[in-house]
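Student: Compact mmCIF, C-alpha atoms, saved as final.txt, coming up:
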```
# COMPACT_ATOMS: atom_id res chain seq x y z
CA MET A 1 -22.03 -67.28 -18.88
CA ALA A 2 -18.66 -65.75 -18.10
CA ASN A 3 -19.62 -62.49 -19.78
CA LEU A 4 -22.77 -62.08 -17.70
CA ARG A 5 -20.90 -62.67 -14.50
CA ALA A 6 -18.16 -60.23 -15.49
CA ILE A 7 -20.73 -57.51 -16.13
CA ARG A 8 -22.48 -58.19 -12.81
CA THR A 9 -19.20 -57.93 -10.93
CA ARG A 10 -18.42 -54.71 -12.74
CA ILE A 11 -21.81 -53.22 -11.82
CA LYS A 12 -21.29 -54.16 -8.21
CA SER A 13 -17.90 -52.50 -8.07
CA VAL A 14 -19.23 -49.34 -9.72
CA GLU A 15 -22.05 -49.31 -7.19
CA ASN A 16 -19.49 -49.43 -4.41
CA THR A 17 -17.65 -46.52 -5.95
CA ARG A 18 -20.90 -44.60 -6.15
CA GLN A 19 -21.52 -45.19 -2.49
CA ILE A 20 -18.05 -43.98 -1.57
CA THR A 21 -18.19 -40.85 -3.71
CA LYS A 22 -21.66 -40.03 -2.45
CA SER A 23 -20.65 -40.27 1.16
CA MET A 24 -17.48 -38.27 0.52
CA LYS A 25 -19.61 -35.60 -1.05
CA MET A 26 -21.87 -35.57 1.97
CA VAL A 27 -18.93 -35.31 4.36
CA ALA A 28 -17.43 -32.47 2.30
CA ALA A 29 -20.78 -30.66 2.30
CA ALA A 30 -21.09 -30.91 6.07
CA LYS A 31 -17.53 -29.67 6.57
CA LEU A 32 -18.10 -26.86 4.10
CA ARG A 33 -21.15 -25.66 6.00
CA LYS A 34 -19.26 -25.60 9.25
CA THR A 35 -16.21 -23.85 7.81
CA GLN A 36 -18.31 -21.38 5.88
CA ALA A 37 -20.24 -20.35 8.98
CA ALA A 38 -17.00 -19.76 10.85
CA PHE A 39 -15.56 -17.84 7.91
CA LEU A 40 -18.54 -15.57 7.46
CA SER A 41 -18.67 -14.56 11.09
CA LEU A 42 -14.95 -13.91 11.12
CA ARG A 43 -15.00 -11.93 7.91
CA ALA A 44 -17.04 -9.04 9.29
CA TYR A 45 -14.77 -8.88 12.31
CA ALA A 46 -11.59 -9.03 10.24
CA GLU A 47 -12.83 -6.38 7.84
CA ARG A 48 -13.61 -4.03 10.68
CA SER A 49 -10.24 -4.49 12.29
CA GLY A 50 -8.64 -3.95 8.87
CA ASP A 51 -10.53 -0.68 8.45
CA ILE A 52 -9.35 0.61 11.79
CA LEU A 53 -5.82 -0.43 11.03
CA ARG A 54 -5.78 1.31 7.66
CA GLN A 55 -7.02 4.44 9.38
CA ILE A 56 -4.27 4.29 11.96
CA GLY A 57 -1.75 3.18 9.33
CA GLY A 58 -2.52 6.21 7.18
CA GLU A 59 -1.76 8.49 10.07
CA LEU A 60 1.32 6.58 10.93
CA THR A 61 3.01 7.05 7.59
CA ALA A 62 1.86 10.65 7.39
CA GLN A 63 3.58 11.21 10.72
CA ASP A 64 6.73 9.33 9.96
CA SER A 65 7.55 10.48 6.47
CA PRO A 66 8.84 14.03 6.37
CA ASP A 67 8.45 14.20 2.60
CA GLY A 68 4.74 14.49 3.15
CA ALA A 69 3.69 11.31 1.43
CA ASN A 70 0.06 10.83 2.30
CA GLY A 71 -0.93 7.30 3.05
CA VAL A 72 1.45 4.42 2.66
CA PRO A 73 4.61 4.65 0.58
CA LYS A 74 3.71 3.92 -3.01
CA THR A 75 6.68 1.83 -4.02
CA SER A 76 9.30 -0.09 -2.16
CA ALA A 77 11.86 2.28 -3.70
CA ASP A 78 10.18 5.11 -1.77
CA ALA A 79 10.52 3.16 1.39
CA SER A 80 14.15 2.35 0.86
CA VAL A 81 14.99 5.98 0.12
CA ARG A 82 13.19 7.05 3.25
CA GLN A 83 14.85 4.65 5.60
CA ASP A 84 18.18 4.13 3.90
CA GLU A 85 20.89 3.02 6.29
CA GLU A 86 18.18 2.72 8.89
CA SER A 87 17.85 -0.47 10.85
CA VAL A 88 14.69 -2.53 11.16
CA PRO A 89 11.83 -0.34 12.45
CA GLN A 90 11.20 -0.80 16.13
CA GLY A 91 8.08 -1.09 18.26
CA ALA A 92 4.68 -1.93 16.87
CA ASP A 93 5.59 -0.09 13.64
CA ARG A 94 7.92 -2.90 12.75
CA TRP A 95 4.93 -4.95 11.58
CA ILE A 96 3.72 -2.18 9.33
CA LEU A 97 6.62 -0.49 7.62
CA PRO A 98 8.36 -2.32 4.81
CA ARG A 99 12.04 -2.98 5.41
CA GLY A 100 14.64 -1.07 3.45
CA GLU A 101 15.61 -4.15 1.52
CA THR A 102 13.60 -7.30 1.11
CA ARG A 103 16.07 -10.15 0.91
CA THR A 104 14.10 -13.20 1.92
CA VAL A 105 10.45 -13.87 1.27
CA CYS A 106 8.55 -16.52 3.17
CA TYR A 107 5.63 -17.96 1.27
CA VAL A 108 2.94 -19.68 3.28
CA LEU A 109 1.31 -22.19 0.97
CA VAL A 110 -2.11 -23.32 2.15
CA VAL A 111 -2.82 -26.58 0.36
CA GLY A 112 -5.60 -29.02 1.17
CA ASN A 113 -5.35 -31.85 3.66
CA ARG A 114 -6.31 -34.47 1.10
CA GLY A 115 -6.58 -34.99 -2.61
CA LEU A 116 -9.72 -35.94 -4.57
CA CYS A 117 -10.78 -32.34 -4.99
CA GLY A 118 -10.32 -31.64 -8.68
CA THR A 119 -7.51 -29.29 -9.60
CA TYR A 120 -7.63 -27.40 -6.32
CA ASN A 121 -4.17 -28.40 -5.14
CA GLN A 122 -2.47 -28.71 -8.52
CA ALA A 123 -3.57 -25.27 -9.69
CA LEU A 124 -2.32 -23.75 -6.46
CA LEU A 125 0.99 -25.55 -6.72
CA ARG A 126 1.55 -24.31 -10.27
CA TYR A 127 0.68 -20.78 -9.21
CA CYS A 128 3.10 -20.95 -6.32
CA GLU A 129 5.87 -22.30 -8.57
CA ASN A 130 5.31 -19.39 -10.96
CA ILE A 131 5.54 -16.82 -8.20
CA ILE A 132 8.71 -18.30 -6.79
CA ASN A 133 10.39 -18.69 -10.16
CA SER A 134 9.49 -15.19 -11.31
CA SER A 135 10.91 -13.41 -8.26
CA ASP A 136 14.63 -12.93 -7.92
CA LYS A 137 14.58 -12.85 -4.14
CA GLN A 138 15.52 -15.66 -1.87
CA SER A 139 12.51 -17.55 -0.71
CA TYR A 140 11.29 -20.52 1.19
CA VAL A 141 7.89 -22.03 1.80
CA ILE A 142 5.93 -23.00 4.87
CA CYS A 143 3.34 -25.51 3.87
CA CYS A 144 -0.02 -25.67 5.67
CA GLY A 145 -1.86 -28.89 4.99
CA ARG A 146 -0.99 -32.53 4.52
CA TRP A 147 -1.45 -32.80 0.76
CA GLY A 148 1.35 -33.85 -1.58
CA LYS A 149 4.55 -33.47 0.43
CA ASP A 150 6.51 -35.39 -2.17
CA LEU A 151 4.89 -33.65 -5.08
CA ILE A 152 5.65 -30.23 -3.65
CA ALA A 153 9.24 -31.22 -2.95
CA SER A 154 9.68 -32.63 -6.45
CA ALA A 155 8.33 -29.42 -7.97
CA GLY A 156 11.50 -27.76 -6.66
CA ILE A 157 9.76 -25.64 -4.06
CA PRO A 158 12.00 -25.14 -1.03
CA VAL A 159 9.79 -26.26 1.84
CA ARG A 160 11.06 -25.19 5.24
CA GLU A 161 8.42 -26.85 7.35
CA THR A 162 4.94 -28.29 7.20
CA VAL A 163 2.24 -27.19 9.59
CA GLU A 164 -0.78 -29.35 10.29
CA ILE A 165 -4.04 -27.44 10.05
CA SER A 166 -7.33 -29.19 10.74
CA ASP A 167 -10.28 -29.23 8.35
CA THR A 168 -12.03 -26.42 10.19
CA PRO A 169 -9.18 -24.27 11.47
CA THR A 170 -9.73 -23.09 15.02
CA ARG A 171 -8.78 -19.75 16.47
CA GLU A 172 -6.02 -21.42 18.50
CA GLU A 173 -4.41 -23.00 15.44
CA ALA A 174 -4.54 -19.68 13.62
CA LEU A 175 -3.02 -17.76 16.52
CA GLU A 176 -0.27 -20.35 16.87
CA LEU A 177 0.62 -20.05 13.20
CA ALA A 178 0.45 -16.26 13.42
CA GLU A 179 2.82 -16.32 16.37
CA ARG A 180 5.27 -18.50 14.44
CA LEU A 181 5.18 -16.21 11.41
CA LYS A 182 5.65 -13.14 13.58
CA THR A 183 8.72 -14.73 15.12
CA LEU A 184 10.18 -15.48 11.69
CA TYR A 185 9.54 -11.91 10.65
CA SER A 186 10.87 -10.23 13.76
CA GLU A 187 13.97 -12.42 13.86
CA GLY A 188 14.73 -11.33 10.33
CA THR A 189 14.53 -14.87 8.93
CA ALA A 190 11.96 -13.42 6.55
CA ASP A 191 11.59 -9.82 5.37
CA GLU A 192 8.20 -10.42 3.90
CA ILE A 193 5.55 -13.00 4.58
CA VAL A 194 3.17 -13.85 1.76
CA PHE A 195 0.20 -16.17 1.86
CA VAL A 196 -0.43 -18.25 -1.26
CA TYR A 197 -3.88 -19.80 -1.19
CA GLN A 198 -7.06 -20.40 -3.14
CA HIS A 199 -9.34 -17.40 -2.89
CA TYR A 200 -12.88 -18.61 -2.33
CA ARG A 201 -15.25 -16.90 -4.73
CA THR A 202 -18.16 -19.30 -4.93
CA VAL A 203 -18.70 -22.96 -4.24
CA LEU A 204 -17.87 -23.62 -7.88
CA SER A 205 -14.93 -21.32 -8.36
CA GLN A 206 -11.73 -20.73 -6.48
CA GLU A 207 -8.84 -18.65 -7.64
CA PRO A 208 -5.18 -18.95 -6.66
CA THR A 209 -4.18 -15.73 -4.93
CA SER A 210 -1.26 -14.32 -3.01
CA MET A 211 -1.58 -11.87 -0.15
CA THR A 212 1.13 -10.17 1.85
CA LEU A 213 0.67 -10.65 5.58
CA LEU A 214 3.74 -8.78 6.78
CA PRO A 215 4.69 -5.98 6.44
CA ILE A 216 1.17 -4.68 6.63
CA ALA A 217 1.84 -1.55 4.56
CA ALA A 218 2.34 -3.81 1.55
CA GLN A 219 -1.22 -4.99 1.99
CA ALA A 220 -2.54 -1.45 1.92
CA GLN A 221 -0.58 -0.97 -1.30
CA GLN A 222 -2.47 -3.83 -2.86
CA SER A 223 -5.84 -2.31 -2.04
CA PRO A 224 -5.41 1.45 -1.98
CA SER A 225 -9.11 2.14 -2.52
CA GLU A 226 -9.85 3.28 0.98
CA SER A 227 -8.17 6.12 2.74
CA LEU A 228 -9.79 6.45 6.08
CA SER A 229 -7.43 8.93 7.65
CA CYS A 230 -9.60 11.31 9.58
CA GLY A 231 -7.61 14.10 11.19
CA ASP A 232 -6.98 14.17 14.90
CA VAL A 233 -7.69 10.95 16.63
CA ILE A 234 -7.38 10.58 20.36
CA PHE A 235 -5.38 7.56 21.41
CA GLU A 236 -6.24 6.02 24.72
CA PRO A 237 -3.97 5.34 26.62
CA ASP A 238 -1.41 5.98 23.84
CA ARG A 239 -0.87 5.21 20.19
CA GLU A 240 1.73 2.54 20.75
CA SER A 241 -0.41 0.30 22.93
CA VAL A 242 -3.51 0.70 20.74
CA LEU A 243 -1.46 -0.14 17.72
CA SER A 244 0.19 -3.21 19.19
CA THR A 245 -3.14 -4.62 20.46
CA LEU A 246 -4.72 -3.91 17.12
CA LEU A 247 -1.87 -5.43 15.16
CA ASP A 248 -1.85 -8.62 17.19
CA MET A 249 -5.55 -8.90 16.62
CA TYR A 250 -5.28 -8.04 12.98
CA ILE A 251 -2.51 -10.49 12.17
CA GLY A 252 -4.34 -13.25 14.04
CA ASN A 253 -7.54 -12.46 12.17
CA THR A 254 -5.90 -12.37 8.80
CA VAL A 255 -4.21 -15.71 9.33
CA HIS A 256 -7.44 -17.23 10.61
CA ALA A 257 -9.45 -15.83 7.72
CA VAL A 258 -7.00 -17.08 5.12
CA LEU A 259 -6.97 -20.57 6.63
CA LEU A 260 -10.75 -20.71 6.79
CA GLU A 261 -11.10 -19.41 3.27
CA ALA A 262 -8.66 -21.95 1.90
CA ARG A 263 -10.41 -24.78 3.71
CA CYS A 264 -13.81 -23.58 2.49
CA GLY A 265 -12.41 -23.77 -1.03
CA GLU A 266 -11.01 -27.23 -0.45
CA HIS A 267 -14.29 -28.61 0.86
CA SER A 268 -16.33 -27.09 -1.91
CA ALA A 269 -13.87 -28.26 -4.57
CA ARG A 270 -14.10 -31.76 -3.15
CA MET A 271 -17.86 -31.54 -3.03
CA THR A 272 -18.01 -30.54 -6.69
CA ALA A 273 -15.56 -33.23 -7.72
CA MET A 274 -17.45 -35.89 -5.80
CA THR A 275 -20.79 -34.80 -7.23
CA ALA A 276 -19.35 -35.18 -10.71
CA ALA A 277 -17.91 -38.58 -9.82
CA ALA A 278 -21.22 -39.78 -8.36
CA ASP A 279 -23.04 -38.65 -11.52
CA ASN A 280 -20.53 -40.51 -13.66
CA THR A 281 -21.02 -43.74 -11.75
CA GLU A 282 -24.76 -43.34 -12.18
CA GLU A 283 -24.31 -43.09 -15.92
CA LEU A 284 -21.92 -46.01 -15.99
CA ILE A 285 -24.32 -48.20 -14.05
CA GLY A 286 -27.06 -47.39 -16.56
CA LYS A 287 -24.81 -48.38 -19.46
CA LEU A 288 -23.67 -51.57 -17.80
CA THR A 289 -27.22 -52.58 -16.92
CA LEU A 290 -28.20 -52.18 -20.55
CA GLU A 291 -25.23 -54.28 -21.60
CA LEU A 292 -26.16 -56.89 -19.01
CA ASN A 293 -29.70 -57.09 -20.33
CA HIS A 294 -28.44 -57.49 -23.88
CA ALA A 295 -26.10 -60.27 -22.86
CA ARG A 296 -28.80 -62.04 -20.87
CA GLN A 297 -31.27 -61.80 -23.74
CA ALA A 298 -28.66 -63.13 -26.14
CA ALA A 299 -27.98 -66.05 -23.82
CA ILE A 300 -31.71 -66.88 -23.59
CA THR A 301 -32.10 -66.69 -27.35
CA THR A 302 -29.15 -68.99 -27.90
CA GLU A 303 -30.51 -71.45 -25.37
CA LEU A 304 -33.98 -71.41 -26.96
CA SER A 305 -32.64 -72.00 -30.44
CA GLU A 306 -30.52 -74.84 -29.11
CA ILE A 307 -33.58 -76.46 -27.49
CA ALA A 308 -35.66 -75.95 -30.59
CA GLY A 309 -32.87 -77.35 -32.74
CA GLY A 310 -32.54 -80.38 -30.42
CA ALA A 311 -36.32 -81.04 -30.45
CA GLU A 312 -36.36 -80.78 -34.23
CA ALA A 313 -33.52 -83.29 -34.51
CA LEU A 314 -35.31 -85.72 -32.12
CA ARG A 315 -38.57 -85.45 -34.06
CA SER A 316 -36.90 -86.10 -37.43
CA SER A 317 -35.01 -89.13 -36.02
CA LYS A 318 -38.37 -90.55 -34.66
CA ALA A 319 -40.09 -90.06 -38.01
CA GLU A 320 -37.45 -92.16 -39.66
CA MET B 1 -35.17 11.26 23.01
CA ALA B 2 -31.57 11.61 24.02
CA ASN B 3 -28.80 11.75 21.46
CA CYS B 4 -27.75 8.33 20.32
CA PHE B 5 -24.83 6.76 18.55
CA HIS B 6 -24.34 3.45 16.82
CA LEU B 7 -22.74 0.81 19.00
CA CYS B 8 -21.25 -2.38 17.66
CA LEU B 9 -19.62 -5.10 19.72
CA MET B 10 -17.97 -7.77 17.61
CA THR B 11 -16.11 -10.94 18.44
CA ALA B 12 -14.44 -13.39 16.09
CA GLU B 13 -17.47 -15.67 16.38
CA GLU B 14 -20.40 -13.31 16.30
CA THR B 15 -21.68 -9.76 16.44
CA MET B 16 -22.99 -9.35 19.97
CA LEU B 17 -24.41 -5.87 19.62
CA ASP B 18 -25.31 -3.80 16.60
CA GLU B 19 -27.76 -1.10 17.58
CA ALA B 20 -28.26 2.44 18.83
CA ALA B 21 -27.04 3.34 22.30
CA GLU B 22 -27.03 6.40 24.50
CA TYR B 23 -24.00 5.73 26.59
CA CYS B 24 -21.21 3.23 26.82
CA ARG B 25 -18.36 2.76 29.27
CA ILE B 26 -15.17 1.00 28.21
CA PRO B 27 -12.42 -0.25 30.55
CA THR B 28 -8.91 0.94 29.57
CA ALA B 29 -5.49 0.88 31.18
CA ASP B 30 -6.01 4.37 32.62
CA GLY B 31 -9.50 3.71 33.93
CA SER B 32 -12.90 3.69 32.31
CA VAL B 33 -13.77 5.86 29.35
CA GLY B 34 -17.36 7.00 29.00
CA ILE B 35 -18.70 7.69 25.55
CA LEU B 36 -21.75 9.75 24.62
CA ALA B 37 -23.05 10.75 21.22
CA ASP B 38 -20.81 13.00 19.06
CA HIS B 39 -17.63 11.92 20.74
CA ALA B 40 -14.37 13.00 19.09
CA PRO B 41 -12.64 10.34 17.00
CA MET B 42 -10.77 8.00 19.29
CA LEU B 43 -8.98 4.71 19.25
CA CYS B 44 -8.50 2.96 22.53
CA ALA B 45 -6.98 -0.24 23.79
CA VAL B 46 -9.60 -2.05 25.82
CA CYS B 47 -8.46 -3.87 28.96
CA GLU B 48 -10.08 -6.89 30.49
CA GLY B 49 -13.20 -5.77 32.30
CA GLU B 50 -16.82 -4.83 31.84
CA VAL B 51 -18.27 -2.84 28.99
CA ARG B 52 -21.46 -1.16 30.18
CA CYS B 53 -23.91 0.15 27.66
CA ARG B 54 -27.20 2.00 27.99
CA MET B 55 -29.24 1.28 24.93
CA GLU B 56 -31.61 3.63 23.16
CA ASP B 57 -34.62 2.23 25.00
CA GLY B 58 -32.96 2.68 28.39
CA ARG B 59 -31.99 -0.95 28.97
CA GLU B 60 -28.59 -1.50 30.47
CA ARG B 61 -26.41 -4.27 29.14
CA ILE B 62 -23.09 -5.42 30.53
CA PHE B 63 -20.48 -7.49 28.72
CA HIS B 64 -17.36 -9.00 30.11
CA VAL B 65 -14.50 -8.70 27.61
CA PRO B 66 -10.83 -9.67 27.52
CA ALA B 67 -8.41 -7.26 25.85
CA GLY B 68 -9.49 -5.66 22.61
CA VAL B 69 -9.73 -2.44 20.66
CA ALA B 70 -12.44 0.21 20.43
CA SER B 71 -12.81 2.76 17.69
CA VAL B 72 -14.94 5.89 17.78
CA ARG B 73 -15.60 7.84 14.62
CA ASP B 74 -18.54 9.47 12.89
CA ASN B 75 -20.81 8.85 15.85
CA SER B 76 -20.25 5.15 15.64
CA VAL B 77 -18.48 3.03 18.22
CA THR B 78 -16.99 -0.34 17.35
CA ILE B 79 -15.57 -2.60 20.02
CA LEU B 80 -13.53 -5.53 18.75
CA THR B 81 -12.55 -8.30 21.10
CA ASP B 82 -11.74 -12.00 20.85
CA ARG B 83 -14.58 -13.09 23.13
CA ALA B 84 -17.40 -11.40 25.00
CA GLU B 85 -19.82 -12.67 27.57
CA GLU B 86 -23.02 -10.93 28.50
CA ARG B 87 -23.63 -10.41 32.22
CA GLN B 88 -27.06 -10.05 33.72
CA SER B 89 -27.60 -6.38 34.44
CA ARG B 90 -28.89 -5.54 37.85
```
Please re-express this file's structure in structure tokens.
Tutor:
Amino acid sequence: MANLRAIRTRIKSVENTRQITKSMKMVAAAKLRKTQAAFLSLRAYAERSGDILRQIGGELTAQDSPDGANGVPKTSADASVRQDEESVPQGADRWILPRGETRTVCYVLVVGNRGLCGTYNQALLRYCENIINSSDKQSYVICCGRWGKDLIASAGIPVRETVEISDTPTREEALELAERLKTLYSEGTADEIVFVYQHYRTVLSQEPTSMTLLPIAAQAQQSPSESLSCGDVIFEPDRESVLSTLLDMYIGNTVHAVLLEARCGEHSARMTAMTAAADNTEELIGKLTLELNHARQAAITTELSEIAGGAEALRSSKAE
Amino acid sequence: MANCFHLCLMTAEETMLDEAAEYCRIPTADGSVGILADHAPMLCAVCEGEVRCRMEDGRERIFHVPAGVASVRDNSVTILTDRAEERQSR
């Protein structure tokens, strides 16, 4: 029976799909575990360095602004009034203070390395498009991850370059990227560097987010909850060298944390998608098996009635 | 019991130390800085070298660190560095 054979072939192919999705799920789970462990241990470290930096940053702006603004400048208008006609801040402060005028924004888009992870990449891409279209500043994008080069280009996002980041980003990769971004910023090719990535909330939910990496004061503006300024702090050997060490560390950490977080999200999105796919194949196999049984039973019944009919015909011809 | 402070030594990979200590010596560009309990708030750039700590129970622990940052505030010392390696104390 052609029908029977067709169903059997179909079941076999669905079984193959099940095997593939199951193993992809397993691979994603293993990668997620690894990335998550790295992310968790980095997070505590990054938070601590962020705390110290906010403390030092609070003092910095208190020192530098004669108008007595406590903490970081509240709006970019404040900043531009304060340093009108002033050139780019020098020394370690140049990473912290916003520039008088933000002309070019560099968005760092952290997409996944592969597809097959639900709406992870698409949602992020839409979010990024929205941000770019809604701002009136010049902008370009540095893309981290191999996914959808053509798709991103066709969405009208101006991609400047694509950086390869592995599935579990290492410290070296992060520091290299950080170095590249710092160069862009200090050369003036970008006045602001913003990460656009999927914030990892739980295994089941990620949320597209943007976070300003440089200047750092903009970050403090986004989360003004803590003010850790604590009076007279001794700097050893001096403020400048503490600050520059701290900033290097902080920028490296932030980049590393964002990359890890984005990859965690990617792996867990893929895991979820593959679990759903494996469940679907399971269901499909059940349905097809039922169909197969029906078809087989129908074939047997037909055969039996044919035999019975044949026997009946023979008997009646003998009787005559 | 002598006065103690909270000492925390963190690297990007793990938290190496997170307990009470009596004394800690940190290498900086201008020489070592010794810290006892109730130290004034301080931020210092750590140079490559050895961080020596005397823990609450009198044990001495030594860590080799590359450059990093140490923060002292509210009787709590946090040393942040990219890597750290524990040395056998004598």
Student: Rank A:Ile300, A:Leu292, A:Cys128, A:Ala37 by their smallest atom-to-atom distance to chain B, using only C-alpha atoms, and report the top residue only.
Tutor: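 Once distances to chain B are computed over only C-alpha atoms, the minimum belongs to A:Ala37.
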Student: As a list in words, could you give me every residue of chain A near chain B (at most 6 Å apart, counting all atoms listed in the file)?
Tutor: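 Taking all atoms listed in the file into account, Ser41, Leu42, Tyr45, Val233, Ile234, Phe235, Glu236 and Val242 of chain A sit within 6 Å of chain B.
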Student: Smallest atom-to-atom distance to Leu7 of chain B: which of B:Arg25, B:Gln88, B:Ala20, B:Gly58, using all atoms listed in the file?
Tutor: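 Once distances to Leu7 of chain B are computed over all atoms listed in the file, the minimum belongs to B:Ala20.
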Student: Can you work out which one of A:Asp248, A:Asp136, A:Glu129, A:Asp279 has the shortest atom-to-atom distance to Val105 of chain A, counting all atoms listed in the file?
Tutor: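 Closest residue, counting all atoms listed in the file: A:Asp136.
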Student: Using atom CA of Lys31 of chain A and atom CA of Val196 of chain A as the two end points, give the distance in Å to one decimal.
Tutor: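 These atoms are spaced 22.0 Å apart.
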Student: Taking into account all atoms listed in the file, which residue in the set A:Asn253, A:Ser139, A:Ser154, A:Thr104 is nearest to Tyr185 of chain A?
Tutor: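 Among the listed residues, the smallest separation from Tyr185 of chain A belongs to A:Thr104.
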Student: What does the distance between atom CA of Ala308 of chain A and atom CA of Ile7 of chain A come to in Å, to one decimal place?
Tutor: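 Answer for the atom CA of Ala308 of chain A to atom CA of Ile7 of chain A separation: 27.8 Å.
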Student: What gap, in Å, lies between atom CA of His39 of chain B and atom CA of Val51 of chain B?
Tutor: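 Calculated distance between atom CA of His39 of chain B and atom CA of Val51 of chain B is 16.9 Å.
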Student: Please determine, counting only C-alpha atoms, which residue among A:Gly252, A:Gly145, A:Pro169, A:Gly265 has the shortest atom-to-atom distance to Thr202 of chain A.
Tutor: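 Nearest to Thr202 of chain A: A:Gly265.
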Student: Identify, on the basis of all atoms listed in the file, every residue whose closest approach to His267 of chain A does not exceed 10 Å; exclude the query and any residue fewer than 5 positions from it along the same chain; express the result as a PDB file with C-alpha atoms, keeping the file's coordinate frame.
Tutor:
```pdb
ATOM      1  CA  LYS A  25     -19.610 -35.600  -1.050  1.00  0.00           C
ATOM      2  CA  VAL A  27     -18.930 -35.310   4.360  1.00  0.00           C
ATOM      3  CA  ALA A  28     -17.430 -32.470   2.300  1.00  0.00           C
ATOM      4  CA  ALA A  29     -20.780 -30.660   2.300  1.00  0.00           C
ATOM      5  CA  ALA A  30     -21.090 -30.910   6.070  1.00  0.00           C
ATOM      6  CA  LYS A  31     -17.530 -29.670   6.570  1.00  0.00           C
ATOM      7  CA  LEU A  32     -18.100 -26.860   4.100  1.00  0.00           C
ATOM      8  CA  ARG A  33     -21.150 -25.660   6.000  1.00  0.00           C
ATOM      9  CA  THR A  35     -16.210 -23.850   7.810  1.00  0.00           C
ATOM     10  CA  GLN A  36     -18.310 -21.380   5.880  1.00  0.00           C
ATOM     11  CA  GLY A 112      -5.600 -29.020   1.170  1.00  0.00           C
ATOM     12  CA  ASN A 113      -5.350 -31.850   3.660  1.00  0.00           C
ATOM     13  CA  ARG A 114      -6.310 -34.470   1.100  1.00  0.00           C
ATOM     14  CA  CYS A 117     -10.780 -32.340  -4.990  1.00  0.00           C
ATOM     15  CA  TYR A 120      -7.630 -27.400  -6.320  1.00  0.00           C
ATOM     16  CA  ASP A 167     -10.280 -29.230   8.350  1.00  0.00           C
ATOM     17  CA  THR A 168     -12.030 -26.420  10.190  1.00  0.00           C
ATOM     18  CA  VAL A 203     -18.700 -22.960  -4.240  1.00  0.00           C
ATOM     19  CA  ALA A 262      -8.660 -21.950   1.900  1.00  0.00           C
ATOM     20  CA  THR A 272     -18.010 -30.540  -6.690  1.00  0.00           C
ATOM     21  CA  ALA A 273     -15.560 -33.230  -7.720  1.00  0.00           C
TER      22      ALA A 273
END
```
Student: Can you pull out the residues contacting Ala37 of chain B? Cut-off 7 Å, using all atoms listed in the file, and skip same-chain residues under 6 positions away; I want them as a VMD selection string.
Tutor: chain B and resid 3 to 5 22 75
Student: Given all atoms listed in the file as the basis, pick out the residue of B:Ala84, B:Cys8, B:Cys24, B:Asp38 nearest to Arg59 of chain B.
Tutor: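 Going through B:Ala84, B:Cys8, B:Cys24, B:Asp38 one by one, the smallest distance to Arg59 of chain B is for B:Cys24.
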